[in-house]
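> As input, take my_file-v2.cif (mmCIF, C-alpha atoms and all ligand atoms):
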```
data_input
loop_
_atom_site.label_atom_id
_atom_site.label_comp_id
_atom_site.auth_asym_id
_atom_site.auth_seq_id
_atom_site.Cartn_x
_atom_site.Cartn_y
_atom_site.Cartn_z
CA MET A 192 -37.52 -229.17 239.20
CA GLU A 193 -40.02 -228.99 242.07
CA GLU A 194 -38.10 -226.17 243.72
CA MET A 195 -38.81 -223.88 240.78
CA TYR A 196 -42.50 -223.65 241.78
CA ASP A 197 -43.10 -221.11 244.54
CA ALA A 198 -45.48 -218.36 245.62
CA TYR A 199 -44.93 -216.24 242.48
CA GLY A 200 -44.78 -218.72 239.58
CA PRO A 201 -43.91 -219.90 237.02
CA GLU A 202 -47.26 -219.52 235.35
CA LYS A 203 -46.46 -221.45 232.16
CA VAL A 204 -43.67 -223.85 231.31
CA ILE A 205 -43.88 -224.93 227.70
CA GLU A 206 -41.67 -227.36 225.80
CA VAL A 207 -41.78 -227.32 222.01
CA TYR A 208 -40.45 -229.86 219.51
CA ASN A 209 -40.39 -230.12 215.73
CA PRO A 210 -38.69 -233.38 214.72
CA LYS A 211 -38.71 -232.53 210.99
CA VAL A 212 -36.61 -229.40 211.53
CA GLY A 213 -34.77 -230.72 214.57
CA MET A 214 -35.98 -227.85 216.78
CA ARG A 215 -36.38 -228.30 220.51
CA GLY A 216 -36.91 -225.52 222.99
CA TYR A 217 -38.81 -224.01 225.87
CA VAL A 218 -40.42 -220.90 227.09
CA VAL A 219 -41.05 -220.13 230.74
CA ILE A 220 -43.54 -217.40 231.53
CA ASP A 221 -42.91 -216.72 235.17
CA ASN A 222 -45.34 -214.01 236.21
CA ARG A 223 -47.59 -211.60 234.30
CA SER A 224 -48.95 -209.44 237.11
CA LEU A 225 -47.42 -206.31 235.56
CA GLY A 226 -47.84 -207.18 231.86
CA PRO A 227 -46.82 -209.75 229.26
CA GLY A 228 -43.70 -211.72 230.17
CA LYS A 229 -40.57 -210.13 228.70
CA GLY A 230 -37.29 -211.91 228.18
CA GLY A 231 -34.81 -213.01 225.53
CA ILE A 232 -34.27 -216.24 223.61
CA ARG A 233 -31.07 -218.10 224.46
CA MET A 234 -29.62 -220.61 222.02
CA THR A 235 -27.06 -222.97 223.54
CA PRO A 236 -26.56 -226.76 223.41
CA SER A 237 -26.97 -227.04 227.17
CA VAL A 238 -29.87 -224.71 227.92
CA SER A 239 -32.21 -226.40 230.40
CA MET A 240 -35.72 -225.72 231.59
CA GLU A 241 -34.35 -224.82 235.01
CA GLU A 242 -31.87 -222.31 233.58
CA VAL A 243 -34.66 -220.74 231.52
CA PHE A 244 -36.84 -220.56 234.62
CA ARG A 245 -34.12 -218.85 236.70
CA LEU A 246 -33.61 -216.27 233.96
CA ALA A 247 -37.37 -215.73 233.65
CA ARG A 248 -37.61 -215.09 237.40
CA THR A 249 -34.76 -212.58 237.21
CA MET A 250 -36.75 -210.79 234.50
CA THR A 251 -39.84 -210.66 236.75
CA TRP A 252 -37.92 -208.65 239.36
CA LYS A 253 -35.90 -206.60 236.86
CA ASN A 254 -39.00 -205.43 234.99
CA ALA A 255 -40.77 -204.70 238.28
CA ILE A 256 -37.93 -202.58 239.70
CA SER A 257 -37.66 -200.79 236.34
CA ASN A 258 -41.36 -199.96 236.68
CA LEU A 259 -42.17 -201.36 233.24
CA PRO A 260 -45.52 -202.90 232.32
CA PHE A 261 -43.86 -206.26 231.71
CA GLY A 262 -43.75 -209.53 233.60
CA GLY A 263 -40.92 -212.05 233.52
CA ALA A 264 -40.27 -214.69 230.87
CA LYS A 265 -37.42 -216.33 228.98
CA GLY A 266 -37.00 -218.59 225.97
CA GLY A 267 -34.46 -221.30 225.21
CA ILE A 268 -33.57 -223.22 222.06
CA ILE A 269 -31.42 -226.33 222.50
CA ALA A 270 -28.89 -226.07 219.66
CA ASP A 271 -25.20 -225.46 219.15
CA PRO A 272 -24.96 -222.39 216.91
CA LYS A 273 -21.31 -223.19 216.11
CA GLN A 274 -22.40 -226.45 214.47
CA LEU A 275 -25.21 -224.87 212.43
CA THR A 276 -25.11 -223.35 208.97
CA PRO A 277 -26.83 -219.93 208.84
CA LYS A 278 -29.65 -221.60 206.83
CA LYS A 279 -30.20 -224.29 209.45
CA LYS A 280 -30.08 -221.77 212.29
CA ALA A 281 -32.73 -219.68 210.50
CA GLU A 282 -34.91 -222.77 209.99
CA ILE A 283 -34.74 -223.62 213.69
CA VAL A 284 -35.59 -220.06 214.78
CA LYS A 285 -38.50 -220.01 212.31
CA ALA A 286 -39.87 -223.32 213.61
CA TYR A 287 -39.47 -222.06 217.19
CA GLY A 288 -41.37 -218.86 216.30
CA GLU A 289 -44.20 -220.82 214.68
CA ALA A 290 -44.47 -223.02 217.76
CA MET A 291 -44.60 -219.96 220.02
CA LYS A 292 -47.67 -218.43 218.38
CA ILE A 293 -49.68 -219.99 221.20
CA VAL A 294 -48.20 -217.49 223.70
CA CYS A 295 -46.45 -214.81 221.66
CA PRO A 296 -47.01 -211.83 221.55
CA ASP A 297 -49.98 -211.80 223.97
CA LEU A 298 -48.31 -213.52 226.92
CA TRP A 299 -44.64 -213.29 225.97
CA VAL A 300 -42.54 -210.65 224.20
CA ALA A 301 -39.12 -212.04 223.24
CA ALA A 302 -35.70 -210.37 222.74
CA PRO A 303 -32.15 -211.36 221.80
CA ASP A 304 -29.95 -213.26 224.25
CA ILE A 305 -26.93 -215.56 223.82
CA SER A 306 -26.51 -216.47 220.11
CA THR A 307 -29.62 -214.67 218.96
CA ALA A 308 -29.40 -211.15 217.56
CA GLU A 309 -31.39 -208.81 215.34
CA GLU A 310 -31.54 -211.13 212.32
CA GLU A 311 -32.94 -213.94 214.48
CA MET A 312 -35.49 -211.44 215.83
CA ARG A 313 -36.55 -210.66 212.25
CA ILE A 314 -37.10 -214.37 211.55
CA PHE A 315 -38.86 -214.91 214.88
CA ALA A 316 -41.24 -211.92 214.45
CA ASN A 317 -42.08 -212.99 210.90
CA ALA A 318 -42.72 -216.59 212.00
CA VAL A 319 -45.00 -215.42 214.82
CA GLY A 320 -46.63 -213.01 212.39
CA SER A 321 -46.39 -209.90 214.58
CA ASN A 322 -43.98 -207.00 214.94
CA LYS A 323 -44.84 -207.07 218.68
CA ALA A 324 -43.43 -210.62 219.02
CA CYS A 325 -40.02 -209.35 220.10
CA THR A 326 -37.76 -206.37 220.60
CA GLY A 327 -34.16 -206.04 219.44
CA LYS A 328 -35.36 -206.17 215.83
CA PRO A 329 -33.40 -204.60 212.94
CA LYS A 330 -33.83 -200.86 212.40
CA ASP A 331 -35.97 -201.37 209.28
CA MET A 332 -38.53 -203.15 211.48
CA GLY A 333 -38.55 -200.33 214.06
CA GLY A 334 -35.78 -201.79 216.23
CA LEU A 335 -33.65 -199.76 218.65
CA PRO A 336 -30.18 -201.38 218.55
CA HIS A 337 -28.11 -201.91 221.73
CA GLU A 338 -25.20 -200.25 219.95
CA LEU A 339 -26.86 -196.92 220.73
CA GLY A 340 -25.60 -197.41 224.28
CA SER A 341 -28.85 -197.37 226.28
CA THR A 342 -27.46 -199.58 229.05
CA GLY A 343 -24.29 -197.49 229.54
CA PHE A 344 -26.41 -194.34 229.51
CA GLY A 345 -28.61 -195.81 232.25
CA VAL A 346 -25.59 -196.88 234.32
CA TYR A 347 -24.29 -193.31 234.01
CA HIS A 348 -27.53 -191.85 235.37
CA SER A 349 -27.60 -194.41 238.17
CA ALA A 350 -24.03 -193.35 239.05
CA LEU A 351 -25.04 -189.67 239.09
CA VAL A 352 -27.81 -190.41 241.61
CA ALA A 353 -25.50 -192.51 243.80
CA LEU A 354 -22.80 -189.79 243.80
CA LYS A 355 -25.36 -187.17 244.80
CA HIS A 356 -26.67 -189.49 247.51
CA MET A 357 -23.13 -189.67 248.92
CA GLY A 358 -22.65 -185.91 248.69
CA LEU A 359 -20.03 -186.19 245.94
CA ASN A 360 -19.67 -183.82 242.99
CA VAL A 361 -19.27 -185.67 239.68
CA LYS A 362 -16.77 -183.04 238.51
CA LYS A 363 -14.48 -183.78 241.44
CA ILE A 364 -14.39 -187.56 241.52
CA THR A 365 -12.04 -190.22 240.22
CA PHE A 366 -13.43 -193.46 238.84
CA ALA A 367 -12.46 -196.77 237.24
CA VAL A 368 -14.37 -198.95 234.80
CA GLU A 369 -14.08 -202.73 234.54
CA GLY A 370 -14.56 -203.67 230.87
CA PHE A 371 -14.51 -201.53 227.76
CA GLY A 372 -17.20 -203.17 225.62
CA ASN A 373 -20.69 -201.86 224.95
CA VAL A 374 -21.51 -200.89 228.55
CA GLY A 375 -18.01 -199.83 229.72
CA TRP A 376 -17.41 -197.70 226.64
CA PHE A 377 -20.58 -195.65 226.97
CA VAL A 378 -20.43 -195.24 230.73
CA SER A 379 -16.81 -194.00 230.44
CA LYS A 380 -17.83 -191.60 227.67
CA PHE A 381 -20.78 -190.08 229.55
CA LEU A 382 -19.00 -189.81 232.91
CA THR A 383 -15.88 -188.17 231.46
CA GLU A 384 -18.09 -185.77 229.49
CA ALA A 385 -19.76 -184.85 232.80
CA GLY A 386 -16.34 -183.95 234.21
CA ALA A 387 -15.41 -187.06 236.23
CA LYS A 388 -11.77 -188.16 236.09
CA LEU A 389 -11.24 -191.65 234.65
CA VAL A 390 -8.07 -193.15 236.14
CA GLY A 391 -8.43 -196.91 235.52
CA VAL A 392 -9.94 -199.05 232.75
CA SER A 393 -9.66 -202.78 232.17
CA ASP A 394 -10.43 -205.27 229.43
CA SER A 395 -9.60 -208.93 228.87
CA LYS A 396 -5.89 -208.03 228.36
CA GLY A 397 -5.43 -206.21 231.67
CA LEU A 398 -5.87 -202.94 233.56
CA ILE A 399 -4.41 -199.54 232.71
CA TYR A 400 -3.97 -197.03 235.53
CA ASN A 401 -3.13 -193.39 234.99
CA GLY A 402 -3.53 -191.07 237.97
CA LYS A 403 -3.36 -187.96 235.78
CA GLY A 404 -6.61 -188.97 234.09
CA ILE A 405 -7.41 -190.95 230.95
CA ASP A 406 -8.69 -189.05 227.93
CA PHE A 407 -11.76 -190.87 226.63
CA LYS A 408 -11.30 -190.06 222.93
CA LYS A 409 -7.64 -191.09 222.98
CA LEU A 410 -8.52 -194.29 224.85
CA ALA A 411 -11.30 -195.13 222.38
CA ASP A 412 -8.87 -194.62 219.46
CA ILE A 413 -6.24 -196.84 221.07
CA LYS A 414 -8.79 -199.58 221.80
CA LYS A 415 -9.99 -199.48 218.17
CA LYS A 416 -6.50 -199.42 216.63
CA GLU A 417 -4.53 -201.64 219.03
CA GLY A 418 -7.26 -203.88 220.40
CA SER A 419 -6.72 -203.16 224.10
CA VAL A 420 -6.91 -200.40 226.68
CA VAL A 421 -3.55 -201.50 228.13
CA LYS A 422 -1.79 -199.72 225.22
CA TYR A 423 -2.83 -196.37 226.75
CA PRO A 424 0.10 -194.64 228.55
CA GLY A 425 0.18 -195.55 232.22
CA LYS A 426 0.79 -198.41 234.61
CA VAL A 427 -0.31 -201.83 233.33
CA MET A 428 -1.76 -204.00 236.06
CA LYS A 429 -3.62 -207.30 236.34
CA ASP A 430 -7.32 -207.00 235.39
CA SER A 431 -8.41 -208.25 238.83
CA GLU A 432 -6.48 -205.42 240.57
CA ILE A 433 -9.23 -203.00 239.59
CA VAL A 434 -11.13 -204.20 242.66
CA SER A 435 -8.63 -202.59 245.04
CA LEU A 436 -7.95 -199.32 243.19
CA ASP A 437 -8.19 -196.22 245.37
CA VAL A 438 -10.94 -194.40 243.46
CA ASP A 439 -14.15 -192.62 244.45
CA MET A 440 -16.26 -194.93 242.29
CA LEU A 441 -15.87 -198.28 240.54
CA VAL A 442 -18.20 -199.20 237.68
CA THR A 443 -18.36 -202.88 236.75
CA ALA A 444 -19.05 -203.67 233.08
CA ALA A 445 -17.58 -207.06 232.23
CA ILE A 446 -17.40 -210.44 233.95
CA PRO A 447 -19.54 -212.15 236.60
CA ASP A 448 -18.03 -212.64 240.08
CA LEU A 449 -15.44 -209.89 239.72
CA ILE A 450 -15.52 -209.21 243.46
CA LYS A 451 -15.10 -212.29 245.65
CA PRO A 452 -15.71 -212.53 249.42
CA ASN A 453 -11.91 -212.51 249.95
CA ASP A 454 -11.61 -209.19 248.16
CA VAL A 455 -13.93 -207.31 250.50
CA ASP A 456 -11.17 -206.18 252.88
CA SER A 457 -9.06 -204.79 250.05
CA VAL A 458 -11.84 -202.72 248.46
CA LYS A 459 -10.93 -199.04 248.89
CA THR A 460 -13.70 -197.33 246.95
CA LYS A 461 -16.87 -196.32 248.79
CA LEU A 462 -19.14 -196.69 245.77
CA ILE A 463 -19.62 -199.55 243.29
CA VAL A 464 -22.15 -199.19 240.48
CA CYS A 465 -22.90 -202.55 238.86
CA GLY A 466 -23.24 -202.24 235.10
CA SER A 467 -22.45 -205.93 234.62
CA ASN A 468 -24.70 -208.76 235.75
CA ILE A 469 -23.73 -210.61 238.96
CA ALA A 470 -20.48 -208.69 239.52
CA MET A 471 -20.55 -210.37 242.95
CA SER A 472 -22.70 -212.77 244.94
CA HIS A 473 -25.50 -211.43 247.12
CA GLU A 474 -23.45 -212.45 250.17
CA THR A 475 -20.50 -210.35 248.98
CA GLU A 476 -22.87 -207.44 248.41
CA GLU A 477 -24.09 -207.75 252.02
CA MET A 478 -20.47 -207.92 253.27
CA LEU A 479 -19.64 -204.71 251.40
CA TYR A 480 -22.74 -203.08 252.85
CA LYS A 481 -21.46 -203.90 256.34
CA HIS A 482 -18.09 -202.38 255.31
CA LYS A 483 -19.99 -199.17 254.40
CA VAL A 484 -19.43 -199.55 250.66
CA LEU A 485 -22.50 -198.45 248.71
CA VAL A 486 -23.29 -200.97 245.95
CA VAL A 487 -25.92 -200.05 243.37
CA PRO A 488 -27.23 -203.49 242.31
CA ASP A 489 -27.08 -204.70 238.71
CA PHE A 490 -30.83 -204.95 238.11
CA VAL A 491 -31.27 -201.33 239.21
CA ALA A 492 -28.27 -199.78 237.42
CA ASN A 493 -28.20 -201.76 234.17
CA ALA A 494 -31.90 -201.71 233.26
CA GLY A 495 -31.35 -199.18 230.43
CA GLY A 496 -31.41 -202.02 227.87
CA VAL A 497 -34.76 -203.35 228.97
CA ILE A 498 -36.21 -199.84 229.17
CA SER A 499 -35.06 -199.29 225.59
CA SER A 500 -36.81 -202.57 224.65
CA TYR A 501 -40.01 -201.22 226.10
CA VAL A 502 -39.72 -198.06 223.98
CA GLU A 503 -39.28 -200.27 220.91
CA TYR A 504 -42.31 -202.32 221.97
CA ILE A 505 -44.50 -199.21 222.07
CA SER A 506 -43.05 -198.09 218.70
CA GLY A 507 -41.16 -195.16 220.24
CA ASN A 508 -38.12 -193.55 218.64
CA GLU A 509 -34.54 -192.97 219.80
CA LYS A 510 -35.37 -189.60 221.38
CA LYS A 511 -38.10 -191.15 223.52
CA MET A 512 -35.70 -193.94 224.49
CA TRP A 513 -33.02 -191.56 225.88
CA LYS A 514 -35.66 -189.65 227.82
CA MET A 515 -37.28 -192.73 229.33
CA VAL A 516 -33.96 -194.38 230.27
CA GLU A 517 -32.84 -191.23 232.07
CA GLU A 518 -36.14 -190.68 233.87
CA LYS A 519 -36.74 -194.26 234.97
CA ILE A 520 -33.17 -195.07 236.02
CA THR A 521 -32.91 -191.80 237.97
CA LYS A 522 -36.23 -192.32 239.76
CA ASN A 523 -35.64 -196.01 240.53
CA THR A 524 -32.10 -195.50 241.83
CA GLU A 525 -33.26 -192.59 244.02
CA LEU A 526 -36.09 -194.69 245.44
CA VAL A 527 -33.85 -197.69 246.14
CA LEU A 528 -31.12 -195.65 247.86
CA LYS A 529 -33.63 -193.65 249.88
CA ASN A 530 -35.42 -196.80 251.09
CA ALA A 531 -32.13 -198.54 251.87
CA GLU A 532 -31.04 -195.61 254.01
CA LYS A 533 -34.38 -195.25 255.75
CA LYS A 534 -34.75 -198.97 256.54
CA LYS A 535 -31.04 -199.51 257.22
CA ILE A 536 -30.83 -202.34 254.69
CA SER A 537 -28.62 -202.90 251.66
CA PRO A 538 -29.69 -201.35 248.34
CA ARG A 539 -30.23 -204.86 246.93
CA GLN A 540 -32.58 -205.77 249.75
CA ALA A 541 -34.40 -202.46 249.32
CA ALA A 542 -34.71 -203.04 245.55
CA MET A 543 -36.00 -206.59 246.01
CA ASP A 544 -38.58 -205.40 248.56
CA ILE A 545 -39.89 -202.81 246.06
CA ALA A 546 -39.95 -205.30 243.16
CA VAL A 547 -41.76 -207.99 245.17
CA GLU A 548 -44.26 -205.46 246.53
CA ARG A 549 -45.07 -204.18 243.02
CA VAL A 550 -45.64 -207.72 241.70
CA VAL A 551 -47.64 -208.94 244.71
CA LYS A 552 -49.90 -205.86 244.69
CA LYS A 553 -51.11 -206.70 241.18
CA CYS A 554 -50.87 -210.50 241.37
CA LYS A 555 -54.05 -212.54 241.10
CA THR A 556 -52.32 -215.91 241.32
CA CYS A 557 -49.55 -215.38 243.87
CA ARG A 558 -49.75 -217.16 247.23
CA ILE A 559 -49.33 -214.24 249.60
P1 LIG A 601 -19.19 -206.67 225.66
O1 LIG A 601 -18.95 -208.06 225.17
O2 LIG A 601 -19.53 -205.60 224.70
O3 LIG A 601 -17.91 -206.17 226.49
C1 LIG A 601 -17.30 -206.90 227.49
C2 LIG A 601 -15.97 -206.24 227.85
O4 LIG A 601 -15.43 -206.93 228.96
C3 LIG A 601 -14.92 -206.27 226.76
O5 LIG A 601 -14.27 -205.02 226.71
C4 LIG A 601 -13.91 -207.33 227.25
O6 LIG A 601 -12.59 -207.10 226.81
C5 LIG A 601 -14.03 -207.11 228.74
N1 LIG A 601 -13.52 -208.21 229.56
C6 LIG A 601 -13.57 -209.54 229.34
N2 LIG A 601 -12.94 -210.19 230.36
C7 LIG A 601 -12.50 -209.24 231.21
C8 LIG A 601 -11.80 -209.26 232.43
N3 LIG A 601 -11.39 -210.40 232.97
N4 LIG A 601 -11.53 -208.08 233.06
C9 LIG A 601 -11.92 -206.90 232.51
N5 LIG A 601 -12.58 -206.83 231.35
C10 LIG A 601 -12.87 -207.98 230.71
O7 LIG A 601 -20.32 -206.83 226.79
P2 LIG A 601 -21.36 -205.73 227.29
O8 LIG A 601 -22.57 -205.79 226.43
O9 LIG A 601 -20.66 -204.45 227.52
O10 LIG A 601 -21.80 -206.37 228.69
C11 LIG A 601 -20.99 -206.25 229.86
C12 LIG A 601 -21.78 -206.68 231.07
O11 LIG A 601 -22.97 -205.90 231.17
C13 LIG A 601 -22.27 -208.13 231.06
O12 LIG A 601 -22.32 -208.58 232.39
C14 LIG A 601 -23.69 -208.03 230.55
O13 LIG A 601 -24.49 -209.10 230.97
C15 LIG A 601 -24.11 -206.74 231.22
N6 LIG A 601 -25.25 -206.10 230.57
C16 LIG A 601 -25.17 -205.65 229.28
C17 LIG A 601 -26.26 -205.04 228.70
C18 LIG A 601 -26.19 -204.48 227.30
O14 LIG A 601 -27.17 -203.86 226.85
N7 LIG A 601 -25.10 -204.63 226.57
C19 LIG A 601 -27.48 -204.92 229.41
C20 LIG A 601 -27.54 -205.37 230.75
C21 LIG A 601 -26.40 -205.96 231.30
#
```
Show this structure as structure tokens.

Amino acid sequence: MEEMYDAYGPEKVIEVYNPKVGMRGYVVIDNRSLGPGKGGIRMTPSVSMEEVFRLARTMTWKNAISNLPFGGAKGGIIADPKQLTPKKKAEIVKAYGEAMKIVCPDLWVAAPDISTAEEEMRIFANAVGSNKACTGKPKDMGGLPHELGSTGFGVYHSALVALKHMGLNVKKITFAVEGFGNVGWFVSKFLTEAGAKLVGVSDSKGLIYNGKGIDFKKLADIKKKEGSVVKYPGKVMKDSEIVSLDVDMLVTAAIPDLIKPNDVDSVKTKLIVCGSNIAMSHETEEMLYKHKVLVVPDFVANAGGVISSYVEYISGNEKKMWKMVEEKITKNTELVLKNAEKKKISPRQAAMDIAVERVVKKCKTCRI
């Protein structure tokens, strides 16, 4: 536990317990230099203080690189949602919300995470007694649902900046997308609409490759009707083979650790845009950088969701959300790639340098 205390935080580590309801949980507010801590509530049987801290720290840097007036925080409720009736789950979330009034919404603004969604956000906000307690609320409470595709839209804009940076024309490139869920679906839609040629898509059942180009609408229909992208006409391959496809750009949008250190030599693309979280370790990212593969890091490319949360927080509408996601993702990606080139460092290193600098500049408690 000691190792979680460093120059930046965490500022507050709070454990809450209500024996009558059987609710136990935590919140870690890592750093508030840029604004109230922002981060979701995770409900799992194994969630630990350390895990919550690590996620809160990630939020500190993600909000800073996204240039949002939020710090980093995260909540955790120790419970197994599979073992709970909906009534019991609601009772636990309510008790957790009541216990969090001491920090929420002034010091912490919550959001959904594993096993908490918009209905839990309704209960939480009501228990805290403020609409500002969390984002990801239902539409009738002013929520902006993830189903709108804000993250995929942001990944698309990040990809446009990276392509331009490499001197590539979006209308003339081929690309592949790992995963066809919320993020993969929208990024495929926006990129194909912009004229890029989709040649490979994977999901949990495998990878489909079609060199002639995959029609987005037809693919979406097949996925809906048949449950998998592999039913699209083309060559069916193993999902992991997406890593070595000969395409101009690979977008990751599914599992962690897709690209392993051993894969680096077989990577043929020159551009990887990370829509998914932790598509590879930082070491693998550095190895790819040395192999002259441009990797746009996850916390730069996939921040559309958190930007959308901010718009909800300031009671903005859908139109404002699209505008802010586009503007912020474009500006941040440009800045990161420009700095990386100028300083001859990887985009991740450049992004971290910017995030740390923004936090430290405003930090009254950091040991600098
Ligand atoms: P999702 O559950 O909607 O979709 C996941 C997709 O991945 C599905 O199509 C599934 O079939 C596919 N998949 C599973 N195993 C696979 C495999 N081995 N190979 C290829 N595909 C596989 O999830 P999502 O919301 O689209 O999130 C995807 C990634 O993006 C995650 O890493 C998530 O943390 C990250 N992310 C999502 C958001 C968001 O707003 N949804 C925001 C930031 C980051």
> If the limit is 6 Å from any atom of ligand LIG 601 (chain A), counting all atoms listed in the file, which residues qualify? Return them as a list in words.
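Counting all atoms listed in the file, the residues within 6 Å of ligand LIG 601 (chain A) come out as His337, Thr342, Glu369, Gly370, Phe371, Gly372, Asn373, Val374, Gly375, Ser393, Asp394, Ser395, Asp430, Ala444, Ala445, Ile446, Gly466, Ser467, Asn468, Asn493 and Gly496 of chain A.
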> Report, in Å to a single decimal, how far apart atom CA of Asp331 of chain A and atom CA of Phe315 of chain A are.
14.9 Å
> Hey, which of A:Ala541, A:Ala492, A:Ile268, A:Ile450 ends up closest to Ser472 of chain A? Count all atoms listed in the file.
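With all atoms listed in the file as the atom set, the closest residue is A:Ile450.
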> Could you give me the centre and size, in Å to one decimal, of an axis-aligned box around all listed atoms of segment 311-324 of chain A with 3 Å added on every side, as lines of an AutoDock Vina configuration file?

```
center_x = -39.8
center_y = -211.8
center_z = 215.0
size_x = 19.7
size_y = 15.6
size_z = 14.1
```
> Which of these residues is nearest to Pro296 of chain A, using all atoms listed in the file: A:Thr365, A:Asn317, A:Ser457, A:Ser341?
A:Asn317
> By how many Å are atom CA of Thr475 of chain A and atom CA of Leu528 of chain A apart?
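It comes out at 18.2 Å.
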> Would you work out the distance separating atom CA of Lys273 of chain A from atom CA of Ala302 of chain A, expressed in Å to one decimal?
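Spanning atom CA of Lys273 of chain A to atom CA of Ala302 of chain A is a straight-line distance of 20.4 Å.
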> Please provide as a PyMOL selection string all residues within 7 Å of Ile413 of chain A, with the sequence filter that same-chain residues fewer than 5 positions apart are discarded (counting only C-alpha atoms).
chain A and resi 420+422-423
> What are the closest atom pairs, with distances in Å to one decimal, for each residue of segment 238-304 of chain A lying within 9 Å of segment 192-203 of chain A, using all atoms listed in the file, rows by chain and rising residue number, as a tab-separated table?

```
residue	atom	partner	partner_atom	distance
A:Met240	CA	A:Met192	CA	8.5
A:Glu241	CA	A:Met192	CA	6.8
A:Phe244	CA	A:Met195	CA	7.3
A:Arg245	CA	A:Met195	CA	8.0
A:Ala247	CA	A:Pro201	CA	8.5
A:Arg248	CA	A:Pro201	CA	7.9
A:Ala264	CA	A:Pro201	CA	8.8
```
> Would you please work out which residue, of A:Ile469, A:Ile269, A:Ile520, A:Leu436, is nearest to Leu389 of chain A when using only C-alpha atoms?
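Closest residue, counting only C-alpha atoms: A:Leu436.
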